[in-house]
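A quick write-up on the structure given underneath.
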Amino acid sequence: MPFIVRRLIFYVVAAWVALTINFIIPRLVPGNAVESIMSKFTDLQPSAYRAIEAMLGVGNAGSIWHQYWSYLVDVAHFNLGTSSSEFPAQVSTLLGEALPWTIILVGSATVIAFTVGTVLGIAAGWRHGGGLDRVLPGLMFLQAIPYFFFALILLEVFAVKLHLFPIGQGYGQGLIPGWHWAFIGSAIDHSLLPALTIVLTSIAGWMLQMRNVMITTVGEDYVVAAQAKGLSNRRVIFTYAARNAILPQLQGFGLAIGFVVSGALIMEIVFSYPGIGLLLINAVSSDDYALTQGIFLVITFAVLLANLIVDLIIVFVDPRARSLEATR
Amino acid sequence: MTVAPVISATTTVTQEAPQPGWWRRMPTKAKAGVVLFGVFVLTAIIGPLVTPYDPSYQNPNPNASMNAPSAAHLLGTTQSGQDVLSQLLVGIRLTLELGLIVGVVATALAVIVGVTSAFLGGFWDELLSLLTNVFLVIPALPLLIVLLGYFPNRGETPTIIVLALLGWPWGARVMRAQTLAIRNRDFVAASRETGEGTWRIIVFEIVPNEVSLIAASFVNTVLYAIGASVALAFIGVADLNSWSLGTMLYWAQSQQALQLGAWWWFVPPGLAVALMGTALVLLNTGIDELGNPRLRDASSASRIAGRWLKPADPTPVLSEISQRRNGLAGFLHSFSRSSLLDEAEAGERR
């Protein structure tokens, strides 16, 4: 089976598992979700029970299989239920409003961090023991800082103290979102600091991993042979060493993107950035289960899609993935 | 220094040169990690016993609110006059405790799943690997939030359970790969020939050979658990009546510490998390470097059999290497499959 087909099947299974978890959780919780909501809001009348059941979609008549099927059909039609905190807004509408903010910000920041980190990693791995190695302990510290704390510090220093960037929000007050320059300029201005947070905290991970693989690769016989043949350093670095060292890096990218997204979600809260993260915290703090679950699904699917794209790039870069006898 | 004895690999090595202690042989980064982490463990043990104030005590005196660090309050006070230092000392214990418990449980799960998967092979291996990979690819934090959201009180125990349930896949994957590699080696075949049962082989032959990997995976899991629990508490998915580094940050954020310029309120807990994380990253890098000497700082020399050698130097002869068997370095080094020690060992056996 071709590599990409196997991966596709894998992502379908992963998506199915995520969907099923989402379906099972409300039905597995001790007592049940409805009672747990009832116990949180003690002033609810017992008659509210049916209403909450309807809201969660757990009180449907019919067997569990029937419920499961109608749930899958609903999700396929982007019908994720009604938000309770922003009643009567549909969950899918709220997601549609928040998603572009997060995708543009997190997507571009991650690609920048990955590219710059990988290039720095190549340089550090090639000149092992050089100047770049000296910044490694600092990078490790940067890597260990929680995203949101780093965001707090950047906000304090650059926005509150130095007034270089606006304090939080996605765009200037009084602006109406739309395709005009005043708004776009303001949105870019507001996204610089959040993007800087993501880039600075995630760049260290990419650089360290690339450096370590690069060091091991540079020691391989074929790299030594390439140098012995008198090829230029540039050619040895990029077409011999880095070309092979980047494969584990790409595979790591697929797995790490979940972490990056998770960190970015929390970071949005610090900046009051109008993306999925802010929506998530509002949903959690107001016990809006339908919205929380909808956000979980959307994030999971986005991460799966990102992984699929990475796999397509791997097929492009790694000749082994193109052949029928693909490696795992 | 005396000259290192030159003896063939088949005879036992006489130890003339005094062996440097395991501590001296550890990479600098690992040492820094051990020291830093030790400080946190000590703080977690002693800290709550020596708190100057009750961390939850709200001073009704308005003058005690939002005080900058002073002699009375070394790290200042919060909006409601609580002592930040006391909260920090108690918080470090709770956060570290949670991280370590999750680390133990999740690593145990990882070893069980990974080793079982590699040993059973066939259908069950495929199924367990699929499960592992699926949970690796599903983003953990949103799932944690969804799961914890349904617990009526988002206390410590549910958090530990959920974090542990989601924290095993990475370790399991690594353990599976390593078990597959070890499974076909001679010493396992030999013990099978001598009639050892599958479980005996797993528990006494395979797992002891994976101690360094288990250690690395434990450190990683603790790192994950601390990061995730702090992040969860920061957004309010935690027991907000208890003091952890995450809940401290939650209250600092929700009571506008940043806007009011109360840096002493949110910097200490954040810095504590960052330093704890750095300690763990350093520890892990150290473990990596023990297993793969190439990764070491190129300027760092290690003393092998009384001689200082840089990573780029030619490898000393096997008899010298085999001296390193005692102590942590040799111990951990022996687990990388292609290490010279294996060859030395194989030579000795023949």
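Please note that chains go A, B, ... in the order of the structure tokens, that every chain numbers its residues from 1, and that ligands are numbered from 1 in the order shown.
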
Go through stretch 118-319 of chain A and collect every residue that DSSP, computed from the backbone, puts in alpha helix (DSSP H); the answer should be as a PyMOL selection string. chain A and resi 118-126+136-144+147-154+181-218+221-228+233-235+243-271+276-285+289-317+319

Using only C-alpha atoms and a cut-off of 9 Å, which residues of chain B sit close to chain A? Please list them as an NGL selection string. :B and (29 or 130-131 or 133-143 or 145-147 or 149-152 or 223 or 227 or 230-232 or 234-237 or 249 or 253 or 258-259 or 261 or 263 or 266-267 or 270-271 or 273-282 or 294-299)

Using only C-alpha atoms, can you tell me which of B:Ser70, B:Gln87, B:Thr95, B:Ser229 comes closest to B:Val162?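 Nearest candidate to B:Val162 out of B:Ser70, B:Gln87, B:Thr95, B:Ser229: B:Ser229.
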
Just checking: using only C-alpha atoms, which residue out of B:Phe37, B:Phe218, B:Phe187, B:Tyr250 ends up closest to B:Ala106?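 For B:Ala106, the nearest of the given residues is B:Phe218.
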
Rounded to one decimal, what separation in Å do you get between atom CA of B:Gly171 and atom CA of B:Ile101?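 So the answer is 15.6 Å.
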
Nearest to B:Thr43 among B:Ser56, B:Asn209, B:Ser86, B:Asn284, with distances taken over only C-alpha atoms: which residue is it?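 Checking each candidate against B:Thr43, we get B:Ser86 as the closest.
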
Two-atom distance - atom CA of B:Arg185, atom CA of B:Val113 (Å):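 Interatomic distance, atom CA of B:Arg185 to atom CA of B:Val113: 20.8 Å.
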
Excluding A:Val310 and its own-chain neighbours fewer than 6 positions away, which residues fall within 8 Å of it when counting only C-alpha atoms? Please give them as a PyMOL selection string. chain A and resi 250-251+253-254

Using only C-alpha atoms, the residue out of B:Leu98, B:Ala225, B:Ala177, B:Ile287 with shortest distance to B:Ser244 is B:Leu98
